[in-house]
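K.L.:
After the structure tokens below, expect a handful of questions from me.
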Number of protein chains: 4
Amino acid sequence: MEGVPHTSIRLRDKDIQSIHDQRHDPEGFSSVADDYDEVIKAVLDHDVLIFATPIYWYGMSGHMKNFVDRWSQSLRDKRYNFKQSLGLKQAYVMATGGDEPRVKGLPLIQQFQYIFGFVGMPFEGYIIGEGNKPGDVLEDKRAIADAKILNGLLKGKQ
Amino acid sequence: MEGVPHTSIRLRDKDIQSIHDQRHDPEGFSSVADDYDEVIKAVLDHDVLIFATPIYWYGMSGHMKNFVDRWSQSLRDKRYNFKQSLGLKQAYVMATGGDEPRVKGLPLIQQFQYIFGFVGMPFEGYIIGEGNKPGDVLEDKRAIADAKILNGLLKGKQ
Amino acid sequence: MEGVPHTSIRLRDKDIQSIHDQRHDPEGFSSVADDYDEVIKAVLDHDVLIFATPIYWYGMSGHMKNFVDRWSQSLRDKRYNFKQSLGLKQAYVMATGGDEPRVKGLPLIQQFQYIFGFVGMPFEGYIIGEGNKPGDVLEDKRAIADAKILNGLLKGKQ
Amino acid sequence: MEGVPHTSIRLRDKDIQSIHDQRHDPEGFSSVADDYDEVIKAVLDHDVLIFATPIYWYGMSGHMKNFVDRWSQSLRDKRYNFKQSLGLKQAYVMATGGDEPRVKGLPLIQQFQYIFGFVGMPFEGYIIGEGNKPGDVLEDKRAIADAKILNGLLKGKQ
């Protein structure tokens, strides 16, 4: 993100509860006292969203899945037009994993395709990196080359 | 599960924390005071595991993802041979969703393929059901036919 | 197809040449002296299309792939509104293979999703059967149950 | 392939018949009078195989599918240990398409994963390029960067 003004949010440092699925309750969703609202406000304030996640068990982290599951609540939240707002943004995915991520990470990419498709948010691209320990990914030449190209693109969008 | 002795665990009624990824900490994982251990013990006590989940945002629920993410901790837990034990079991998946689940649920099936593959647990089969509201799936003739065949199979395994 | 009026076409008994890709030739596609036109006319004359293929190397047979590749030619053929016509039909897929077809056949299902999506033809369903030798699939209870449900559906559409 | 000694084979310029599936015939496969044998000999003579294909209808070209389908014949051909020989090689895939290839080309990558897995040939990597007309792909910066990295790798293997 060098040279690109941005906000970085670590979902694992936030308190985001798993969804309590009240989609079919006559009263709808109850409000939840956690950090979700704060994060979603930041999301809505930005034009480009980068979903960066380790590949845990061939999917996004539970932290991120909890966050995305809660979108079902935001879709019904009268305070904002959640779907329409996301539809005006652009989405990228960055996923890093240790077990053949460029092949075994593909179901995750396909899942994001459907997620973004559901809210009408253009899926602009993704980078898959290989690495087990923190820092390993820096030795993945291809991921680094991809990241540089994305960096140039994002700088151009300012 | 009619006529099949079984234990049913609702992950959403359990307190299972998102993983605190300490795989690369010299001390390893700290123990977590939640219901995970209790659930994993039940898992290890059974021969057949059925992972039943609503399809939330084209993936397993955050509740289930949190549970699976924690397997990284169990893999390193000296109290049991987690991987070997799972390798002796059989796994099934049942997933129900509202948005073309038989197509858009396929990345989830592929993710489970890799999850089960990683621990060497045979992926014996899956049922994808269509339904939005609780109960809807009962009108999905094909899912019901699939479930009856599975029921017969499971009865035969006793 | 018991009780359902239908036309059955065996692509392997037809002479269908691989595409000569002239999409970007100023003159466009040259006509090809093979059975493709005859088959495409039969396709356009029906309301429901069932793409039945053995799973060869985790994909549709080369016979069928050659046939589908030629659609690029039909899309540009002034004799009919190919895309619009297909958009009014309904598509099903039946695929049988010997190596874990319900998991390893899923990329093929996803490919058909994109194929049908491109021409706007609703993807109404698919059946994956397991079997190696001709006839084996008849012992796949689940595929047979699926086929009976589809048979009932198709009878109801008449 | 700059600076890398190689043999380039255009399958579309070869006469390769669709498979006549005689796997279950008591006599086995009959020999076919086309260019398949010549191509397979070249394949067996090399250490690294790059499967380069346009993405036609979200899959490999019919020309390439016909070629791969015929491997079923080579697997039973007593003149060589086909599977073992492939298992000692390394495989790459290069696929270029015009309709969101980095997402809609993923089932093709997954298909190749299974194909290579079946013969035990390591799947070393893939490049997906975007382009419609011949030459377009040269403007896909990311594909070009990927190709340069692969070029360096292949040079290093000599």
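Identifiers in the structure tokens: chain A, B, ... in order shown; residue index from 1 per chain; ligand index from 1 in order shown.
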Leaving out range 115-125 of chain A and any residue of its chain fewer than 3 positions from it, which residues lie within 6 Å of it when counting only C-alpha atoms, given as number ranges by chain?
P.N.:
A: 83, 86-87, 90-92, 112; B: 57
K.L.:
How would the residues just picked look written out with N, CA, C and O atoms as a PDB file, in the first residue's frame?
P.N.:
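The new file result35.pdb reads:
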```pdb
ATOM      1  N   LYS A  83     -26.212  -2.455   0.111  1.00  0.00           N
ATOM      2  CA  LYS A  83     -25.930  -3.108  -1.166  1.00  0.00           C
ATOM      3  C   LYS A  83     -25.549  -2.075  -2.230  1.00  0.00           C
ATOM      4  O   LYS A  83     -24.537  -2.225  -2.926  1.00  0.00           O
ATOM      5  N   LEU A  86     -22.023  -0.678  -1.608  1.00  0.00           N
ATOM      6  CA  LEU A  86     -20.949  -1.603  -1.986  1.00  0.00           C
ATOM      7  C   LEU A  86     -20.834  -1.691  -3.507  1.00  0.00           C
ATOM      8  O   LEU A  86     -19.741  -1.809  -4.057  1.00  0.00           O
ATOM      9  N   GLY A  87     -21.965  -1.601  -4.176  1.00  0.00           N
ATOM     10  CA  GLY A  87     -21.970  -1.707  -5.635  1.00  0.00           C
ATOM     11  C   GLY A  87     -21.148  -0.607  -6.313  1.00  0.00           C
ATOM     12  O   GLY A  87     -20.751  -0.748  -7.479  1.00  0.00           O
ATOM     13  N   GLN A  90     -14.916  -0.983  -5.348  1.00  0.00           N
ATOM     14  CA  GLN A  90     -14.169  -1.995  -6.086  1.00  0.00           C
ATOM     15  C   GLN A  90     -13.517  -2.934  -5.080  1.00  0.00           C
ATOM     16  O   GLN A  90     -13.009  -2.482  -4.058  1.00  0.00           O
ATOM     17  N   ALA A  91     -13.525  -4.197  -5.381  1.00  0.00           N
ATOM     18  CA  ALA A  91     -13.017  -5.179  -4.418  1.00  0.00           C
ATOM     19  C   ALA A  91     -11.792  -5.924  -4.944  1.00  0.00           C
ATOM     20  O   ALA A  91     -11.716  -6.265  -6.133  1.00  0.00           O
ATOM     21  N   TYR A  92     -10.861  -6.139  -4.055  1.00  0.00           N
ATOM     22  CA  TYR A  92      -9.685  -6.976  -4.318  1.00  0.00           C
ATOM     23  C   TYR A  92      -9.570  -8.000  -3.191  1.00  0.00           C
ATOM     24  O   TYR A  92     -10.036  -7.754  -2.075  1.00  0.00           O
ATOM     25  N   PHE A 112     -15.497 -15.613  -3.072  1.00  0.00           N
ATOM     26  CA  PHE A 112     -15.502 -14.141  -3.111  1.00  0.00           C
ATOM     27  C   PHE A 112     -16.221 -13.636  -4.370  1.00  0.00           C
ATOM     28  O   PHE A 112     -16.926 -12.633  -4.330  1.00  0.00           O
TER      29      PHE A 112
ATOM     30  N   TRP B  57     -23.221 -16.634   2.733  1.00  0.00           N
ATOM     31  CA  TRP B  57     -22.272 -15.962   1.856  1.00  0.00           C
ATOM     32  C   TRP B  57     -21.365 -16.974   1.151  1.00  0.00           C
ATOM     33  O   TRP B  57     -20.155 -16.834   1.086  1.00  0.00           O
TER      34      TRP B  57
END
```
K.L.:
Quick one: residues within 10 Å of Gly129 in chain A, only C-alpha atoms, excluding same-chain residues fewer than 4 positions away - as an mmCIF file with all heavy atoms, in the first residue's frame?
P.N.:
```cif
data_model
loop_
_atom_site.group_PDB
_atom_site.id
_atom_site.type_symbol
_atom_site.label_atom_id
_atom_site.label_comp_id
_atom_site.auth_asym_id
_atom_site.auth_seq_id
_atom_site.Cartn_x
_atom_site.Cartn_y
_atom_site.Cartn_z
ATOM 1 N N PRO A 54 -5.305 -14.609 5.704
ATOM 2 C CA PRO A 54 -4.565 -15.866 5.579
ATOM 3 C C PRO A 54 -5.547 -16.909 5.058
ATOM 4 O O PRO A 54 -6.756 -16.788 5.272
ATOM 5 C CB PRO A 54 -4.170 -16.189 7.015
ATOM 6 C CG PRO A 54 -5.198 -15.504 7.862
ATOM 7 C CD PRO A 54 -5.583 -14.269 7.105
ATOM 8 N N ILE A 55 -5.054 -17.884 4.346
ATOM 9 C CA ILE A 55 -5.919 -19.004 3.964
ATOM 10 C C ILE A 55 -5.883 -19.999 5.111
ATOM 11 O O ILE A 55 -4.867 -20.650 5.351
ATOM 12 C CB ILE A 55 -5.446 -19.660 2.646
ATOM 13 C CG1 ILE A 55 -5.427 -18.616 1.518
ATOM 14 C CG2 ILE A 55 -6.371 -20.819 2.274
ATOM 15 C CD1 ILE A 55 -4.977 -19.156 0.160
ATOM 16 N N MET A 94 -6.631 -10.524 -1.251
ATOM 17 C CA MET A 94 -5.246 -10.984 -1.082
ATOM 18 C C MET A 94 -5.276 -12.120 -0.086
ATOM 19 O O MET A 94 -5.685 -11.928 1.057
ATOM 20 C CB MET A 94 -4.380 -9.863 -0.523
ATOM 21 C CG MET A 94 -4.106 -8.804 -1.543
ATOM 22 S SD MET A 94 -2.849 -7.669 -0.902
ATOM 23 C CE MET A 94 -3.123 -6.339 -2.067
ATOM 24 N N ALA A 95 -4.820 -13.255 -0.509
ATOM 25 C CA ALA A 95 -4.901 -14.434 0.347
ATOM 26 C C ALA A 95 -3.562 -15.152 0.326
ATOM 27 O O ALA A 95 -2.978 -15.363 -0.736
ATOM 28 C CB ALA A 95 -5.998 -15.369 -0.153
ATOM 29 N N THR A 96 -3.093 -15.520 1.498
ATOM 30 C CA THR A 96 -1.791 -16.181 1.596
ATOM 31 C C THR A 96 -1.935 -17.489 2.360
ATOM 32 O O THR A 96 -2.564 -17.527 3.417
ATOM 33 C CB THR A 96 -0.785 -15.270 2.328
ATOM 34 O OG1 THR A 96 -0.658 -14.058 1.587
ATOM 35 C CG2 THR A 96 0.580 -15.929 2.430
ATOM 36 N N GLY A 97 -1.365 -18.521 1.818
ATOM 37 C CA GLY A 97 -1.459 -19.812 2.496
ATOM 38 C C GLY A 97 -0.250 -20.670 2.211
ATOM 39 O O GLY A 97 0.564 -20.353 1.326
ATOM 40 N N GLY A 98 -0.143 -21.774 2.914
ATOM 41 C CA GLY A 98 1.070 -22.586 2.845
ATOM 42 C C GLY A 98 0.930 -23.852 2.013
ATOM 43 O O GLY A 98 1.929 -24.457 1.629
ATOM 44 N N GLU A 100 -0.096 -25.234 -1.315
ATOM 45 C CA GLU A 100 -0.467 -25.039 -2.724
ATOM 46 C C GLU A 100 -1.569 -23.993 -2.894
ATOM 47 O O GLU A 100 -2.609 -24.269 -3.503
ATOM 48 C CB GLU A 100 -0.961 -26.354 -3.340
ATOM 49 C CG GLU A 100 0.058 -27.467 -3.333
ATOM 50 C CD GLU A 100 -0.545 -28.753 -3.939
ATOM 51 O OE1 GLU A 100 -1.058 -28.678 -5.071
ATOM 52 O OE2 GLU A 100 -0.500 -29.790 -3.273
ATOM 53 N N PRO A 101 -1.339 -22.782 -2.377
ATOM 54 C CA PRO A 101 -2.448 -21.811 -2.344
ATOM 55 C C PRO A 101 -2.975 -21.433 -3.720
ATOM 56 O O PRO A 101 -4.153 -21.129 -3.849
ATOM 57 C CB PRO A 101 -1.818 -20.603 -1.644
ATOM 58 C CG PRO A 101 -0.353 -20.740 -1.888
ATOM 59 C CD PRO A 101 -0.094 -22.218 -1.848
ATOM 60 N N ARG A 102 -2.115 -21.477 -4.750
ATOM 61 C CA ARG A 102 -2.596 -21.040 -6.077
ATOM 62 C C ARG A 102 -3.575 -22.028 -6.687
ATOM 63 O O ARG A 102 -4.284 -21.699 -7.627
ATOM 64 C CB ARG A 102 -1.411 -20.780 -7.017
ATOM 65 C CG ARG A 102 -0.725 -19.464 -6.710
ATOM 66 C CD ARG A 102 0.175 -18.989 -7.826
ATOM 67 N NE ARG A 102 0.782 -17.716 -7.470
ATOM 68 C CZ ARG A 102 1.837 -17.565 -6.687
ATOM 69 N NH1 ARG A 102 2.430 -18.629 -6.159
ATOM 70 N NH2 ARG A 102 2.293 -16.362 -6.408
ATOM 71 N N GLY A 105 -6.376 -22.566 -3.050
ATOM 72 C CA GLY A 105 -7.052 -21.337 -2.648
ATOM 73 C C GLY A 105 -8.134 -20.915 -3.644
ATOM 74 O O GLY A 105 -8.831 -19.933 -3.413
ATOM 75 N N ASP A 136 7.050 -15.063 5.267
ATOM 76 C CA ASP A 136 7.401 -15.988 4.178
ATOM 77 C C ASP A 136 6.994 -15.451 2.811
ATOM 78 O O ASP A 136 7.703 -15.654 1.809
ATOM 79 C CB ASP A 136 6.670 -17.336 4.348
ATOM 80 C CG ASP A 136 7.399 -18.300 5.277
ATOM 81 O OD1 ASP A 136 8.427 -17.895 5.848
ATOM 82 O OD2 ASP A 136 6.921 -19.436 5.453
ATOM 83 N N VAL A 137 5.843 -14.821 2.771
ATOM 84 C CA VAL A 137 5.280 -14.409 1.482
ATOM 85 C C VAL A 137 6.213 -13.446 0.748
ATOM 86 O O VAL A 137 6.159 -13.339 -0.489
ATOM 87 C CB VAL A 137 3.867 -13.813 1.676
ATOM 88 C CG1 VAL A 137 3.950 -12.420 2.297
ATOM 89 C CG2 VAL A 137 3.097 -13.794 0.371
ATOM 90 N N LEU A 138 7.072 -12.790 1.490
ATOM 91 C CA LEU A 138 7.986 -11.838 0.852
ATOM 92 C C LEU A 138 8.958 -12.536 -0.095
ATOM 93 O O LEU A 138 9.572 -11.906 -0.948
ATOM 94 C CB LEU A 138 8.751 -11.038 1.911
ATOM 95 C CG LEU A 138 7.846 -10.179 2.807
ATOM 96 C CD1 LEU A 138 8.651 -9.546 3.940
ATOM 97 C CD2 LEU A 138 7.132 -9.105 1.986
ATOM 98 N N GLU A 139 9.099 -13.821 0.035
ATOM 99 C CA GLU A 139 9.986 -14.569 -0.857
ATOM 100 C C GLU A 139 9.235 -15.159 -2.046
ATOM 101 O O GLU A 139 9.820 -15.874 -2.874
ATOM 102 C CB GLU A 139 10.685 -15.701 -0.102
ATOM 103 C CG GLU A 139 11.090 -15.317 1.311
ATOM 104 C CD GLU A 139 12.539 -15.622 1.622
ATOM 105 O OE1 GLU A 139 13.090 -16.578 1.037
ATOM 106 O OE2 GLU A 139 13.114 -14.904 2.461
ATOM 107 N N ASP A 140 7.936 -14.910 -2.092
ATOM 108 C CA ASP A 140 7.154 -15.395 -3.231
ATOM 109 C C ASP A 140 7.218 -14.319 -4.314
ATOM 110 O O ASP A 140 6.453 -13.359 -4.335
ATOM 111 C CB ASP A 140 5.711 -15.639 -2.774
ATOM 112 C CG ASP A 140 4.807 -16.106 -3.914
ATOM 113 O OD1 ASP A 140 5.189 -15.930 -5.098
ATOM 114 O OD2 ASP A 140 3.731 -16.637 -3.627
ATOM 115 N N LYS A 141 8.169 -14.534 -5.241
ATOM 116 C CA LYS A 141 8.443 -13.520 -6.273
ATOM 117 C C LYS A 141 7.204 -13.118 -7.051
ATOM 118 O O LYS A 141 7.035 -11.969 -7.428
ATOM 119 C CB LYS A 141 9.445 -14.098 -7.294
ATOM 120 C CG LYS A 141 10.881 -14.020 -6.882
ATOM 121 C CD LYS A 141 11.761 -14.424 -8.076
ATOM 122 C CE LYS A 141 13.107 -14.949 -7.594
ATOM 123 N NZ LYS A 141 13.896 -15.489 -8.709
ATOM 124 N N ARG A 142 6.390 -14.109 -7.321
ATOM 125 C CA ARG A 142 5.245 -13.815 -8.166
ATOM 126 C C ARG A 142 4.213 -12.963 -7.417
ATOM 127 O O ARG A 142 3.666 -12.011 -7.973
ATOM 128 C CB ARG A 142 4.627 -15.133 -8.633
ATOM 129 C CG ARG A 142 3.801 -14.914 -9.835
ATOM 130 C CD ARG A 142 3.379 -16.217 -10.450
ATOM 131 N NE ARG A 142 2.045 -16.055 -10.943
ATOM 132 C CZ ARG A 142 1.338 -17.001 -11.498
ATOM 133 N NH1 ARG A 142 1.860 -18.211 -11.621
ATOM 134 N NH2 ARG A 142 0.121 -16.771 -11.929
ATOM 135 N N ALA A 143 4.018 -13.288 -6.150
ATOM 136 C CA ALA A 143 3.080 -12.487 -5.354
ATOM 137 C C ALA A 143 3.593 -11.056 -5.234
ATOM 138 O O ALA A 143 2.818 -10.094 -5.307
ATOM 139 C CB ALA A 143 2.885 -13.119 -3.976
ATOM 140 N N ILE A 144 4.896 -10.919 -5.068
ATOM 141 C CA ILE A 144 5.475 -9.574 -4.927
ATOM 142 C C ILE A 144 5.318 -8.796 -6.229
ATOM 143 O O ILE A 144 4.957 -7.606 -6.225
ATOM 144 C CB ILE A 144 6.960 -9.670 -4.497
ATOM 145 C CG1 ILE A 144 7.077 -10.363 -3.127
ATOM 146 C CG2 ILE A 144 7.617 -8.294 -4.458
ATOM 147 C CD1 ILE A 144 6.296 -9.732 -1.998
ATOM 148 N N ASP A 146 3.022 -9.252 -8.449
ATOM 149 C CA ASP A 146 1.593 -8.931 -8.542
ATOM 150 C C ASP A 146 1.257 -7.722 -7.663
ATOM 151 O O ASP A 146 0.488 -6.840 -8.059
ATOM 152 C CB ASP A 146 0.745 -10.130 -8.089
ATOM 153 C CG ASP A 146 0.774 -11.286 -9.075
ATOM 154 O OD1 ASP A 146 1.217 -11.085 -10.226
ATOM 155 O OD2 ASP A 146 0.344 -12.398 -8.696
ATOM 156 N N ALA A 147 1.834 -7.715 -6.467
ATOM 157 C CA ALA A 147 1.536 -6.631 -5.526
ATOM 158 C C ALA A 147 2.047 -5.294 -6.058
ATOM 159 O O ALA A 147 1.407 -4.256 -5.892
ATOM 160 C CB ALA A 147 2.144 -6.942 -4.156
#
```
K.L.:
Give me, as a list in words, the residues of range 16-114 of chain D that a backbone DSSP run labels strand (DSSP E or B).
P.N.:
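So, restricting range 16-114 of chain D to strand (DSSP E or B), we get Val48, Leu49, Ile50, Phe51, Ala52, Thr53, Pro54, Tyr56, Gly59, Gln90, Ala91, Tyr92, Val93, Met94, Ala95, Thr96 and Gly97 of chain D.
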K.L.:
Just write the chosen residues, all heavy atoms, as a compact mmCIF listing (two decimals), in the first residue's frame.
P.N.:
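selection-v6.txt, freshly written:
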```txt
# COMPACT_ATOMS: atom_id res chain seq x y z
N VAL D 48 9.76 -30.63 -19.22
CA VAL D 48 8.80 -29.63 -18.76
C VAL D 48 7.74 -29.49 -19.84
O VAL D 48 8.06 -29.36 -21.02
CB VAL D 48 9.49 -28.27 -18.53
CG1 VAL D 48 8.48 -27.20 -18.18
CG2 VAL D 48 10.54 -28.39 -17.42
N LEU D 49 6.48 -29.55 -19.45
CA LEU D 49 5.39 -29.43 -20.41
C LEU D 49 4.58 -28.17 -20.09
O LEU D 49 4.20 -27.96 -18.93
CB LEU D 49 4.47 -30.65 -20.34
CG LEU D 49 5.13 -32.02 -20.51
CD1 LEU D 49 4.08 -33.12 -20.35
CD2 LEU D 49 5.81 -32.11 -21.88
N ILE D 50 4.34 -27.37 -21.09
CA ILE D 50 3.50 -26.18 -20.91
C ILE D 50 2.26 -26.36 -21.77
O ILE D 50 2.35 -26.44 -22.99
CB ILE D 50 4.26 -24.90 -21.29
CG1 ILE D 50 5.51 -24.77 -20.41
CG2 ILE D 50 3.36 -23.69 -21.16
CD1 ILE D 50 6.34 -23.53 -20.71
N PHE D 51 1.15 -26.45 -21.12
CA PHE D 51 -0.13 -26.59 -21.82
C PHE D 51 -0.68 -25.19 -22.05
O PHE D 51 -1.19 -24.56 -21.12
CB PHE D 51 -1.10 -27.44 -21.00
CG PHE D 51 -0.65 -28.85 -20.84
CD1 PHE D 51 0.34 -29.19 -19.91
CD2 PHE D 51 -1.18 -29.86 -21.62
CE1 PHE D 51 0.78 -30.49 -19.77
CE2 PHE D 51 -0.75 -31.17 -21.48
CZ PHE D 51 0.23 -31.49 -20.57
N ALA D 52 -0.55 -24.70 -23.26
CA ALA D 52 -1.00 -23.34 -23.57
C ALA D 52 -2.27 -23.43 -24.41
O ALA D 52 -2.29 -24.08 -25.45
CB ALA D 52 0.09 -22.60 -24.33
N THR D 53 -3.30 -22.79 -23.96
CA THR D 53 -4.58 -22.90 -24.66
C THR D 53 -5.36 -21.60 -24.55
O THR D 53 -5.29 -20.92 -23.52
CB THR D 53 -5.43 -24.06 -24.08
OG1 THR D 53 -6.69 -24.12 -24.79
CG2 THR D 53 -5.73 -23.89 -22.60
N PRO D 54 -6.07 -21.25 -25.61
CA PRO D 54 -7.06 -20.22 -25.42
C PRO D 54 -8.15 -20.79 -24.51
O PRO D 54 -8.34 -22.00 -24.46
CB PRO D 54 -7.62 -20.00 -26.84
CG PRO D 54 -7.40 -21.30 -27.55
CD PRO D 54 -6.12 -21.85 -26.96
N TYR D 56 -11.60 -21.43 -24.39
CA TYR D 56 -12.79 -21.51 -25.26
C TYR D 56 -13.93 -22.03 -24.40
O TYR D 56 -13.85 -23.13 -23.85
CB TYR D 56 -12.54 -22.48 -26.41
CG TYR D 56 -11.74 -21.96 -27.57
CD1 TYR D 56 -11.26 -22.84 -28.54
CD2 TYR D 56 -11.49 -20.60 -27.75
CE1 TYR D 56 -10.54 -22.39 -29.64
CE2 TYR D 56 -10.76 -20.14 -28.85
CZ TYR D 56 -10.29 -21.03 -29.78
OH TYR D 56 -9.58 -20.60 -30.87
N GLY D 59 -13.11 -23.49 -21.01
CA GLY D 59 -12.33 -24.71 -20.91
C GLY D 59 -11.17 -24.68 -21.88
O GLY D 59 -10.98 -23.69 -22.62
N GLN D 90 7.36 -31.92 -15.30
CA GLN D 90 6.72 -30.82 -14.58
C GLN D 90 5.75 -30.14 -15.53
O GLN D 90 6.06 -29.96 -16.71
CB GLN D 90 7.78 -29.82 -14.13
CG GLN D 90 8.77 -30.43 -13.16
CD GLN D 90 9.72 -29.40 -12.60
OE1 GLN D 90 10.19 -28.52 -13.33
NE2 GLN D 90 9.99 -29.46 -11.31
N ALA D 91 4.61 -29.77 -15.00
CA ALA D 91 3.57 -29.21 -15.87
C ALA D 91 3.24 -27.76 -15.51
O ALA D 91 3.21 -27.39 -14.33
CB ALA D 91 2.31 -30.05 -15.77
N TYR D 92 3.04 -26.97 -16.53
CA TYR D 92 2.56 -25.59 -16.40
C TYR D 92 1.35 -25.42 -17.31
O TYR D 92 1.22 -26.14 -18.32
CB TYR D 92 3.64 -24.60 -16.82
CG TYR D 92 4.82 -24.54 -15.88
CD1 TYR D 92 5.90 -25.40 -16.04
CD2 TYR D 92 4.86 -23.62 -14.84
CE1 TYR D 92 6.99 -25.36 -15.18
CE2 TYR D 92 5.95 -23.57 -13.97
CZ TYR D 92 7.00 -24.44 -14.14
OH TYR D 92 8.06 -24.39 -13.28
N VAL D 93 0.51 -24.47 -16.98
CA VAL D 93 -0.64 -24.14 -17.82
C VAL D 93 -0.61 -22.65 -18.14
O VAL D 93 -0.30 -21.83 -17.26
CB VAL D 93 -1.97 -24.50 -17.12
CG1 VAL D 93 -3.18 -23.94 -17.88
CG2 VAL D 93 -2.11 -26.02 -16.97
N MET D 94 -0.87 -22.32 -19.38
CA MET D 94 -1.04 -20.92 -19.79
C MET D 94 -2.35 -20.83 -20.54
O MET D 94 -2.53 -21.48 -21.57
CB MET D 94 0.07 -20.49 -20.73
CG MET D 94 1.38 -20.31 -20.02
SD MET D 94 2.55 -19.50 -21.11
CE MET D 94 4.03 -19.93 -20.20
N ALA D 95 -3.25 -20.02 -20.02
CA ALA D 95 -4.59 -19.95 -20.61
C ALA D 95 -4.98 -18.49 -20.77
O ALA D 95 -4.78 -17.69 -19.85
CB ALA D 95 -5.58 -20.66 -19.71
N THR D 96 -5.48 -18.15 -21.94
CA THR D 96 -5.86 -16.76 -22.21
C THR D 96 -7.30 -16.71 -22.68
O THR D 96 -7.72 -17.48 -23.54
CB THR D 96 -4.96 -16.17 -23.30
OG1 THR D 96 -3.60 -16.24 -22.84
CG2 THR D 96 -5.31 -14.72 -23.58
N GLY D 97 -8.04 -15.79 -22.09
CA GLY D 97 -9.44 -15.67 -22.48
C GLY D 97 -9.93 -14.25 -22.33
O GLY D 97 -9.25 -13.40 -21.73
```
K.L.:
Taking only C-alpha atoms into account, find every residue of chain B that has an atom no more than 7 Å from chain C, and write it out as a PDB file with N, CA and C atoms, in the first residue's frame.
P.N.:
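Saved result, part37.pdb, follows:
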```
ATOM      1  N   VAL B 103     -25.080 -24.895  -7.473  1.00  0.00           N
ATOM      2  CA  VAL B 103     -23.959 -24.379  -8.261  1.00  0.00           C
ATOM      3  C   VAL B 103     -23.075 -23.475  -7.393  1.00  0.00           C
ATOM      4  N   LEU B 106     -20.780 -24.936  -4.676  1.00  0.00           N
ATOM      5  CA  LEU B 106     -19.711 -25.888  -5.020  1.00  0.00           C
ATOM      6  C   LEU B 106     -18.330 -25.485  -4.498  1.00  0.00           C
ATOM      7  N   GLN B 110     -15.768 -27.937  -2.478  1.00  0.00           N
ATOM      8  CA  GLN B 110     -14.342 -28.088  -2.809  1.00  0.00           C
ATOM      9  C   GLN B 110     -13.461 -27.740  -1.617  1.00  0.00           C
ATOM     10  N   ARG B 142     -35.279 -33.257  -4.183  1.00  0.00           N
ATOM     11  CA  ARG B 142     -34.033 -33.953  -4.457  1.00  0.00           C
ATOM     12  C   ARG B 142     -33.187 -34.079  -3.198  1.00  0.00           C
ATOM     13  N   ALA B 145     -34.714 -36.819  -1.141  1.00  0.00           N
ATOM     14  CA  ALA B 145     -34.368 -38.149  -1.675  1.00  0.00           C
ATOM     15  C   ALA B 145     -32.922 -38.501  -1.312  1.00  0.00           C
ATOM     16  N   ASP B 146     -32.043 -37.532  -1.452  1.00  0.00           N
ATOM     17  CA  ASP B 146     -30.637 -37.758  -1.088  1.00  0.00           C
ATOM     18  C   ASP B 146     -30.514 -38.126   0.389  1.00  0.00           C
ATOM     19  N   ILE B 149     -31.535 -41.695   1.116  1.00  0.00           N
ATOM     20  CA  ILE B 149     -30.494 -42.651   0.726  1.00  0.00           C
ATOM     21  C   ILE B 149     -29.367 -42.650   1.766  1.00  0.00           C
TER      22      ILE B 149
END
```
K.L.:
With only C-alpha atoms as the counted atoms, please give the residues lying no more than 12 Å from Arg23 in chain B, apart from itself and same-chain residues fewer than 5 positions off, as a ChimeraX atom specification.
P.N.:
/A:56,132-134 /B:28-30,69-77
